[in-house]
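S.K.: Sharing model-v4.cif here; it has mmCIF, C-alpha atoms.
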data_model
loop_
_atom_site.label_atom_id
_atom_site.label_comp_id
_atom_site.auth_asym_id
_atom_site.auth_seq_id
_atom_site.Cartn_x
_atom_site.Cartn_y
_atom_site.Cartn_z
CA MET A 1 -30.98 24.50 -1.61
CA LEU A 2 -29.88 22.70 1.55
CA ARG A 3 -26.21 23.40 0.85
CA ALA A 4 -26.96 27.02 -0.01
CA ALA A 5 -28.62 27.37 3.40
CA GLY A 6 -25.57 25.93 5.13
CA VAL A 7 -27.16 22.60 6.03
CA GLY A 8 -24.56 19.85 6.25
CA LEU A 9 -22.59 17.52 8.48
CA GLY A 10 -24.11 17.08 11.94
CA ASP A 11 -27.48 18.49 10.94
CA GLU A 12 -30.79 16.64 10.80
CA VAL A 13 -33.42 17.27 8.13
CA VAL A 14 -37.01 16.05 8.57
CA VAL A 15 -38.44 14.39 5.45
CA PRO A 16 -41.37 12.11 4.59
CA ALA A 17 -40.81 8.37 4.20
CA PHE A 18 -43.93 8.08 2.06
CA GLY A 19 -42.67 8.92 -1.41
CA ASN A 20 -39.57 8.84 -3.55
CA VAL A 21 -36.13 8.18 -2.15
CA GLU A 22 -34.63 11.23 -3.90
CA VAL A 23 -35.44 13.62 -1.05
CA ALA A 24 -33.63 11.51 1.53
CA GLU A 25 -30.76 11.04 -0.92
CA ALA A 26 -30.48 14.82 -1.37
CA VAL A 27 -30.25 15.28 2.40
CA ALA A 28 -27.53 12.61 2.63
CA THR A 29 -25.65 14.15 -0.31
CA ALA A 30 -25.61 17.46 1.57
CA GLY A 31 -23.96 15.61 4.45
CA ALA A 32 -26.96 15.78 6.79
CA LEU A 33 -29.04 13.00 8.33
CA PRO A 34 -32.58 12.42 7.01
CA VAL A 35 -35.09 11.97 9.84
CA PHE A 36 -38.48 10.53 8.90
CA ALA A 37 -41.79 11.90 10.16
CA ASP A 38 -45.28 10.52 9.64
CA ILE A 39 -47.87 11.83 7.20
CA ASP A 40 -51.39 13.18 7.40
CA PRO A 41 -53.67 10.34 6.18
CA ALA A 42 -55.83 12.71 4.10
CA THR A 43 -53.12 14.68 2.26
CA TYR A 44 -50.29 12.09 2.32
CA CYS A 45 -47.99 15.02 3.14
CA LEU A 46 -45.97 15.59 6.31
CA ASP A 47 -48.07 15.98 9.44
CA ALA A 48 -47.00 19.04 11.42
CA ALA A 49 -47.46 17.37 14.83
CA ALA A 50 -45.43 14.37 13.70
CA VAL A 51 -42.69 16.68 12.43
CA GLU A 52 -42.60 18.58 15.72
CA ALA A 53 -42.17 15.31 17.62
CA THR A 54 -38.94 14.62 15.72
CA VAL A 55 -37.31 18.01 16.31
CA THR A 56 -34.08 17.99 18.29
CA SER A 57 -31.27 20.49 18.87
CA ARG A 58 -29.65 19.15 15.67
CA THR A 59 -32.70 19.68 13.43
CA ALA A 60 -31.88 22.29 10.78
CA ALA A 61 -34.61 21.94 8.17
CA VAL A 62 -37.83 20.30 7.02
CA VAL A 63 -38.45 19.28 3.41
CA VAL A 64 -42.17 19.36 2.63
CA VAL A 65 -43.28 17.31 -0.38
CA HIS A 66 -46.67 18.00 -1.93
CA ARG A 67 -48.27 14.71 -2.94
CA PHE A 68 -50.70 13.56 -5.67
CA GLY A 69 -51.92 17.12 -6.33
CA ARG A 70 -52.70 17.89 -2.67
CA LEU A 71 -50.81 20.62 -0.84
CA ALA A 72 -49.33 20.06 2.59
CA ASP A 73 -50.56 22.22 5.47
CA LEU A 74 -47.97 24.93 4.87
CA ALA A 75 -49.37 27.33 7.45
CA GLN A 76 -48.77 24.87 10.29
CA LEU A 77 -45.41 23.74 8.93
CA HIS A 78 -44.09 27.28 8.47
CA ALA A 79 -45.33 28.18 11.96
CA LEU A 80 -43.45 25.16 13.29
CA GLY A 81 -40.34 26.30 11.42
CA GLN A 82 -40.58 29.76 12.98
CA ARG A 83 -41.03 28.33 16.49
CA HIS A 84 -37.92 26.18 16.21
CA GLY A 85 -35.82 28.28 13.85
CA LEU A 86 -35.95 25.71 11.06
CA LEU A 87 -35.62 26.13 7.32
CA VAL A 88 -38.79 24.89 5.59
CA LEU A 89 -38.27 23.84 1.97
CA GLU A 90 -40.94 22.67 -0.46
CA GLN A 91 -40.81 20.15 -3.26
CA GLY A 92 -43.75 20.59 -5.59
CA GLU A 93 -45.10 18.60 -8.49
CA SER A 94 -45.05 19.56 -12.14
CA GLU A 95 -47.79 22.01 -13.00
CA ALA A 96 -50.40 20.97 -15.55
CA PRO A 97 -52.31 23.45 -17.74
CA TYR A 98 -55.49 24.81 -16.17
CA ASP A 99 -57.81 23.14 -18.67
CA GLU A 100 -56.17 19.77 -17.99
CA ILE A 101 -56.58 20.23 -14.24
CA ALA A 102 -60.25 21.11 -14.75
CA GLN A 103 -60.75 17.90 -16.74
CA ARG A 104 -59.01 15.82 -14.09
CA ARG A 105 -61.23 17.34 -11.43
CA GLU A 106 -64.28 16.51 -13.51
CA ARG A 107 -63.21 12.87 -13.84
CA ALA A 108 -62.29 12.70 -10.16
CA ALA A 109 -65.77 13.98 -9.21
CA TYR A 110 -67.29 11.22 -11.38
CA LEU A 111 -65.21 8.57 -9.62
CA ASP A 112 -66.04 10.05 -6.20
CA ALA A 113 -69.73 9.69 -6.95
CA LYS A 114 -69.65 6.23 -8.56
CA LEU A 115 -67.00 4.14 -6.83
CA ARG A 116 -68.08 1.71 -4.12
CA GLY A 117 -66.08 -0.36 -1.66
CA VAL A 118 -62.93 1.77 -1.81
CA ARG A 119 -62.13 4.94 0.08
CA THR A 120 -62.02 7.81 -2.36
CA PRO A 121 -59.57 10.69 -1.79
CA ASP A 122 -60.33 13.72 0.31
CA ASP A 123 -60.67 16.41 -2.36
CA GLY A 124 -59.35 19.21 -0.14
CA ASP A 125 -58.64 22.78 -1.20
CA GLY A 126 -57.04 23.10 -4.60
CA HIS A 127 -56.57 19.38 -5.29
CA THR A 128 -55.26 19.04 -8.87
CA TYR A 129 -55.43 15.23 -8.98
CA GLN A 130 -51.96 14.58 -10.33
CA GLN A 131 -52.95 11.10 -9.23
CA TYR A 132 -56.36 9.81 -8.12
CA VAL A 133 -55.44 7.74 -5.10
CA VAL A 134 -57.96 5.47 -3.38
CA ARG A 135 -57.51 3.19 -0.40
CA VAL A 136 -58.26 -0.51 -0.54
CA PRO A 137 -58.43 -1.66 3.08
CA GLY A 138 -57.68 -5.29 3.88
CA ASN A 139 -59.64 -6.16 7.04
CA GLY A 140 -59.28 -9.87 6.30
CA ARG A 141 -60.70 -9.37 2.81
CA PRO A 142 -58.88 -9.06 -0.54
CA ASP A 143 -55.99 -6.63 -0.13
CA ARG A 144 -54.79 -3.79 -2.32
CA ASP A 145 -52.47 -5.95 -4.42
CA ALA A 146 -55.14 -8.56 -5.13
CA PHE A 147 -57.59 -5.78 -5.98
CA ALA A 148 -55.05 -4.21 -8.36
CA ARG A 149 -54.43 -7.51 -10.14
CA ALA A 150 -58.15 -8.06 -10.60
CA VAL A 151 -58.73 -4.53 -11.93
CA ARG A 152 -55.81 -4.84 -14.36
CA ALA A 153 -57.25 -8.14 -15.58
CA LYS A 154 -60.34 -6.17 -16.59
CA GLY A 155 -58.23 -3.82 -18.72
CA VAL A 156 -57.92 -0.90 -16.29
CA GLU A 157 -54.46 0.51 -15.70
CA CYS A 158 -53.65 1.22 -12.08
CA ARG A 159 -50.47 1.57 -10.06
CA VAL A 160 -49.24 1.42 -6.51
CA PRO A 161 -47.99 4.97 -5.87
CA VAL A 162 -45.48 4.09 -3.13
CA LYS A 163 -44.41 0.46 -3.09
CA THR A 164 -41.87 0.74 -0.28
CA PRO A 165 -41.60 3.69 2.12
CA VAL A 166 -38.09 5.08 2.36
CA HIS A 167 -37.53 4.05 5.98
CA ARG A 168 -37.87 0.41 4.88
CA LEU A 169 -35.18 0.69 2.17
CA PRO A 170 -31.82 -0.88 3.11
CA GLU A 171 -29.80 2.33 2.72
CA PHE A 172 -32.18 4.36 4.92
CA ARG A 173 -33.62 1.71 7.23
CA ARG A 174 -34.76 3.17 10.54
CA CYS A 175 -36.45 1.71 13.60
CA VAL A 176 -39.17 4.34 13.72
CA SER A 177 -42.93 4.26 14.22
CA LEU A 178 -44.76 5.70 11.20
CA PRO A 179 -48.20 4.10 11.35
CA GLU A 180 -49.92 6.35 8.79
CA THR A 181 -47.04 5.94 6.35
CA GLU A 182 -47.14 2.16 6.73
CA ARG A 183 -50.91 2.05 6.32
CA ALA A 184 -50.84 4.27 3.25
CA SER A 185 -48.13 2.22 1.56
CA ASP A 186 -50.18 -0.94 2.13
CA GLU A 187 -53.58 0.43 1.07
CA THR A 188 -53.17 3.09 -1.62
CA LEU A 189 -53.83 2.57 -5.33
CA ALA A 190 -53.76 5.17 -8.10
CA LEU A 191 -56.58 4.88 -10.64
CA PRO A 192 -56.60 6.62 -14.05
CA VAL A 193 -57.88 10.18 -14.06
CA ASP A 194 -56.10 11.59 -17.12
CA ALA A 195 -57.76 14.33 -19.12
CA SER A 196 -57.65 12.10 -22.21
CA LEU A 197 -60.05 9.51 -20.71
CA THR A 198 -63.43 9.21 -22.42
CA LYS A 199 -66.80 8.61 -20.77
CA ARG A 200 -66.54 4.98 -21.84
CA ASP A 201 -63.11 4.73 -20.19
CA MET A 202 -64.48 6.17 -16.96
CA HIS A 203 -67.42 3.78 -17.00
CA ARG A 204 -65.03 0.85 -17.48
CA ILE A 205 -62.95 1.95 -14.48
CA VAL A 206 -66.01 2.18 -12.26
CA SER A 207 -67.44 -1.13 -13.48
CA ALA A 208 -64.14 -2.96 -12.93
CA CYS A 209 -63.72 -1.58 -9.41
CA ASN A 210 -67.33 -1.93 -8.32
CA ALA A 211 -67.45 -5.54 -9.49
CA LEU A 212 -64.97 -6.16 -6.68
CA GLY A 213 -66.46 -3.69 -4.25
CA GLY A 214 -68.81 -6.20 -2.70
CA LEU A 215 -65.77 -8.10 -1.45
CA LEU A 216 -64.51 -5.11 0.47
CA GLN A 217 -65.63 -3.25 3.53
CA PRO A 218 -67.95 -0.34 2.66
CA ALA A 219 -66.19 3.01 2.39
CA PHE A 220 -67.05 5.47 5.13
#
Represent the structure of the file as structure tokens.
M.R.:
Amino acid sequence: MLRAAGVGLGDEVVVPAFGNVEVAEAVATAGALPVFADIDPATYCLDAAAVEATVTSRTAAVVVVHRFGRLADLAQLHALGQRHGLLVLEQGESEAPYDEIAQRRERAAYLDAKLRGVRTPDDGDGHTYQQYVVRVPGNGRPDRDAFARAVRAKGVECRVPVKTPVHRLPEFRRCVSLPETERASDETLALPVDASLTKRDMHRIVSACNALGGLLQPAF
């Protein structure tokens, strides 16, 4: 898509650092330079103000990646593209059947109501919960990785959604300030929310997490 639009050598393309490396690799393959902008802490998608701060005379495009089932603020990002004459491309996530999304939302609502000591996700408009991502803040208490190990020890599968943001990888290392990206990569943890989970499974997830919740700062 970038090549088809004429994006190439000498151009800059704004991309998120919070996520997979493939987007930055695609920009580099097209011959352009990936430029990293910070994310919105609620959606984990590109923040329009952060994107605008990176725009230069060489900026040709923005690649917006929808994350965890939440949509980016496309209205603001497209408006930004129009102001600066930029191509705005989207990378979506695989679509799940409607009934599966409804079941995920039901399980997510259960976790929202029952979990303690972690910050549950902002449900937002149209959240499909491709992943149910909570935050485990450190604040001098057990951190996300210690929390994950303890939860796994209780038989609950969980995963760190973004282990290393792209701007920290050797091939794309940049000296750039991305505080929300850094914080999200340090604090986020994806808990199970699959449609196949039973009520007993959901209770086990809540019990495992809440047994550790007293060691963490209350969620606000």
S.K.: How would you write as an mmCIF file with C-alpha atoms, in the frame of the given file the residues that get within 12 Å of (-57.1, 20.4, -17.0) in the file's frame, counting all atoms listed in the file?
M.R.:
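Below is the file selection26.cif, written as the result:
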data_model
loop_
_atom_site.group_PDB
_atom_site.id
_atom_site.type_symbol
_atom_site.label_atom_id
_atom_site.label_comp_id
_atom_site.auth_asym_id
_atom_site.auth_seq_id
_atom_site.Cartn_x
_atom_site.Cartn_y
_atom_site.Cartn_z
ATOM 1 C CA GLU A 95 -47.790 22.010 -13.000
ATOM 2 C CA ALA A 96 -50.400 20.970 -15.550
ATOM 3 C CA PRO A 97 -52.310 23.450 -17.740
ATOM 4 C CA TYR A 98 -55.490 24.810 -16.170
ATOM 5 C CA ASP A 99 -57.810 23.140 -18.670
ATOM 6 C CA GLU A 100 -56.170 19.770 -17.990
ATOM 7 C CA ILE A 101 -56.580 20.230 -14.240
ATOM 8 C CA ALA A 102 -60.250 21.110 -14.750
ATOM 9 C CA GLN A 103 -60.750 17.900 -16.740
ATOM 10 C CA ARG A 104 -59.010 15.820 -14.090
ATOM 11 C CA ARG A 105 -61.230 17.340 -11.430
ATOM 12 C CA GLU A 106 -64.280 16.510 -13.510
ATOM 13 C CA ARG A 107 -63.210 12.870 -13.840
ATOM 14 C CA ALA A 108 -62.290 12.700 -10.160
ATOM 15 C CA HIS A 127 -56.570 19.380 -5.290
ATOM 16 C CA THR A 128 -55.260 19.040 -8.870
ATOM 17 C CA TYR A 129 -55.430 15.230 -8.980
ATOM 18 C CA GLN A 130 -51.960 14.580 -10.330
ATOM 19 C CA VAL A 193 -57.880 10.180 -14.060
ATOM 20 C CA ASP A 194 -56.100 11.590 -17.120
ATOM 21 C CA ALA A 195 -57.760 14.330 -19.120
ATOM 22 C CA SER A 196 -57.650 12.100 -22.210
ATOM 23 C CA LEU A 197 -60.050 9.510 -20.710
#
S.K.: Tell me, as a PDB file with C-alpha atoms, in the frame of the given file, which residues lie within 7 Å of Val35 in chain A, counting all atoms listed in the file; anything in the same chain fewer than 6 positions away does not count.
M.R.:
ATOM      1  CA  GLU A  12     -30.790  16.640  10.800  1.00  0.00           C
ATOM      2  CA  VAL A  13     -33.420  17.270   8.130  1.00  0.00           C
ATOM      3  CA  VAL A  14     -37.010  16.050   8.570  1.00  0.00           C
ATOM      4  CA  VAL A  15     -38.440  14.390   5.450  1.00  0.00           C
TER       5      VAL A  15
END
S.K.: Quick one: of A:Cys45, A:Val65, A:Val134, A:Cys158, who's nearest to Pro121 in chain A, counting all atoms listed in the file?
M.R.: A:Val134
S.K.: Restricting the calculation to all atoms listed in the file: of A:Pro192, A:Arg116, A:Arg200, A:Leu169, which residue gets closest to Glu157 in chain A?
M.R.: A:Pro192
S.K.: Have a look at A:Gly10, A:Pro41, A:Pro161, A:Gly31 and name the one nearest to Tyr132 in chain A; count only C-alpha atoms.
M.R.: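 Of A:Gly10, A:Pro41, A:Pro161, A:Gly31, the one nearest Tyr132 in chain A is A:Pro161, counting only C-alpha atoms.
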S.K.: With distances taken over all atoms listed in the file, which residue among A:Arg168, A:Arg173, A:His203, A:Arg3 lies nearest Ala113 in chain A?
M.R.: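 Residue with the minimum atom-to-atom distance to Ala113 in chain A: A:His203.
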S.K.: Kindly reconstruct range 53-64 of chain A with all heavy atoms and present the result as a PDB file, keeping the file's coordinate frame.
M.R.:
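Generated file (out26.pdb):
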ATOM      1  N   ALA A  53     -42.622  16.356  16.691  1.00  0.00           N
ATOM      2  CA  ALA A  53     -42.170  15.310  17.620  1.00  0.00           C
ATOM      3  C   ALA A  53     -40.760  14.834  17.307  1.00  0.00           C
ATOM      4  O   ALA A  53     -40.109  14.232  18.168  1.00  0.00           O
ATOM      5  CB  ALA A  53     -43.142  14.130  17.577  1.00  0.00           C
ATOM      6  N   THR A  54     -40.278  15.081  16.099  1.00  0.00           N
ATOM      7  CA  THR A  54     -38.940  14.620  15.720  1.00  0.00           C
ATOM      8  C   THR A  54     -37.859  15.682  15.940  1.00  0.00           C
ATOM      9  O   THR A  54     -36.668  15.384  15.802  1.00  0.00           O
ATOM     10  CB  THR A  54     -38.890  14.208  14.238  1.00  0.00           C
ATOM     11  OG1 THR A  54     -39.000  15.378  13.409  1.00  0.00           O
ATOM     12  CG2 THR A  54     -39.983  13.218  13.895  1.00  0.00           C
ATOM     13  N   VAL A  55     -38.272  16.907  16.234  1.00  0.00           N
ATOM     14  CA  VAL A  55     -37.310  18.010  16.310  1.00  0.00           C
ATOM     15  C   VAL A  55     -36.381  17.859  17.508  1.00  0.00           C
ATOM     16  O   VAL A  55     -36.815  17.576  18.629  1.00  0.00           O
ATOM     17  CB  VAL A  55     -38.056  19.366  16.379  1.00  0.00           C
ATOM     18  CG1 VAL A  55     -37.070  20.512  16.642  1.00  0.00           C
ATOM     19  CG2 VAL A  55     -38.822  19.614  15.084  1.00  0.00           C
ATOM     20  N   THR A  56     -35.097  18.011  17.237  1.00  0.00           N
ATOM     21  CA  THR A  56     -34.080  17.990  18.290  1.00  0.00           C
ATOM     22  C   THR A  56     -33.203  19.240  18.123  1.00  0.00           C
ATOM     23  O   THR A  56     -33.424  20.059  17.228  1.00  0.00           O
ATOM     24  CB  THR A  56     -33.174  16.742  18.185  1.00  0.00           C
ATOM     25  OG1 THR A  56     -32.338  16.867  17.024  1.00  0.00           O
ATOM     26  CG2 THR A  56     -34.004  15.464  18.068  1.00  0.00           C
ATOM     27  N   SER A  57     -32.193  19.342  18.971  1.00  0.00           N
ATOM     28  CA  SER A  57     -31.270  20.490  18.870  1.00  0.00           C
ATOM     29  C   SER A  57     -30.461  20.443  17.583  1.00  0.00           C
ATOM     30  O   SER A  57     -29.869  21.458  17.179  1.00  0.00           O
ATOM     31  CB  SER A  57     -30.326  20.501  20.079  1.00  0.00           C
ATOM     32  OG  SER A  57     -29.577  19.289  20.125  1.00  0.00           O
ATOM     33  N   ARG A  58     -30.432  19.293  16.910  1.00  0.00           N
ATOM     34  CA  ARG A  58     -29.650  19.150  15.670  1.00  0.00           C
ATOM     35  C   ARG A  58     -30.506  19.381  14.410  1.00  0.00           C
ATOM     36  O   ARG A  58     -29.978  19.415  13.306  1.00  0.00           O
ATOM     37  CB  ARG A  58     -29.009  17.764  15.598  1.00  0.00           C
ATOM     38  CG  ARG A  58     -27.979  17.514  16.680  1.00  0.00           C
ATOM     39  CD  ARG A  58     -27.333  16.145  16.550  1.00  0.00           C
ATOM     40  NE  ARG A  58     -28.309  15.074  16.726  1.00  0.00           N
ATOM     41  CZ  ARG A  58     -28.726  14.611  17.900  1.00  0.00           C
ATOM     42  NH1 ARG A  58     -28.250  15.155  19.021  1.00  0.00           N
ATOM     43  NH2 ARG A  58     -29.605  13.643  17.995  1.00  0.00           N
ATOM     44  N   THR A  59     -31.824  19.504  14.586  1.00  0.00           N
ATOM     45  CA  THR A  59     -32.700  19.680  13.430  1.00  0.00           C
ATOM     46  C   THR A  59     -32.464  21.047  12.798  1.00  0.00           C
ATOM     47  O   THR A  59     -32.537  22.075  13.474  1.00  0.00           O
ATOM     48  CB  THR A  59     -34.172  19.548  13.822  1.00  0.00           C
ATOM     49  OG1 THR A  59     -34.362  18.314  14.528  1.00  0.00           O
ATOM     50  CG2 THR A  59     -35.057  19.551  12.579  1.00  0.00           C
ATOM     51  N   ALA A  60     -32.171  21.037  11.489  1.00  0.00           N
ATOM     52  CA  ALA A  60     -31.880  22.290  10.780  1.00  0.00           C
ATOM     53  C   ALA A  60     -32.968  22.654   9.781  1.00  0.00           C
ATOM     54  O   ALA A  60     -33.140  23.832   9.473  1.00  0.00           O
ATOM     55  CB  ALA A  60     -30.534  22.181  10.052  1.00  0.00           C
ATOM     56  N   ALA A  61     -33.675  21.653   9.259  1.00  0.00           N
ATOM     57  CA  ALA A  61     -34.610  21.940   8.170  1.00  0.00           C
ATOM     58  C   ALA A  61     -35.687  20.871   8.080  1.00  0.00           C
ATOM     59  O   ALA A  61     -35.551  19.766   8.624  1.00  0.00           O
ATOM     60  CB  ALA A  61     -33.857  22.041   6.841  1.00  0.00           C
ATOM     61  N   VAL A  62     -36.746  21.218   7.357  1.00  0.00           N
ATOM     62  CA  VAL A  62     -37.830  20.300   7.020  1.00  0.00           C
ATOM     63  C   VAL A  62     -38.040  20.409   5.513  1.00  0.00           C
ATOM     64  O   VAL A  62     -38.100  21.518   4.975  1.00  0.00           O
ATOM     65  CB  VAL A  62     -39.147  20.671   7.739  1.00  0.00           C
ATOM     66  CG1 VAL A  62     -40.262  19.707   7.362  1.00  0.00           C
ATOM     67  CG2 VAL A  62     -38.947  20.714   9.245  1.00  0.00           C
ATOM     68  N   VAL A  63     -38.138  19.271   4.841  1.00  0.00           N
ATOM     69  CA  VAL A  63     -38.450  19.280   3.410  1.00  0.00           C
ATOM     70  C   VAL A  63     -39.877  18.782   3.247  1.00  0.00           C
ATOM     71  O   VAL A  63     -40.187  17.626   3.533  1.00  0.00           O
ATOM     72  CB  VAL A  63     -37.481  18.406   2.593  1.00  0.00           C
ATOM     73  CG1 VAL A  63     -37.869  18.454   1.118  1.00  0.00           C
ATOM     74  CG2 VAL A  63     -36.045  18.886   2.770  1.00  0.00           C
ATOM     75  N   VAL A  64     -40.749  19.663   2.801  1.00  0.00           N
ATOM     76  CA  VAL A  64     -42.170  19.360   2.630  1.00  0.00           C
ATOM     77  C   VAL A  64     -42.403  18.957   1.174  1.00  0.00           C
ATOM     78  O   VAL A  64     -42.047  19.696   0.259  1.00  0.00           O
ATOM     79  CB  VAL A  64     -43.035  20.592   2.963  1.00  0.00           C
ATOM     80  CG1 VAL A  64     -44.514  20.261   2.820  1.00  0.00           C
ATOM     81  CG2 VAL A  64     -42.718  21.093   4.372  1.00  0.00           C
TER      82      VAL A  64
END
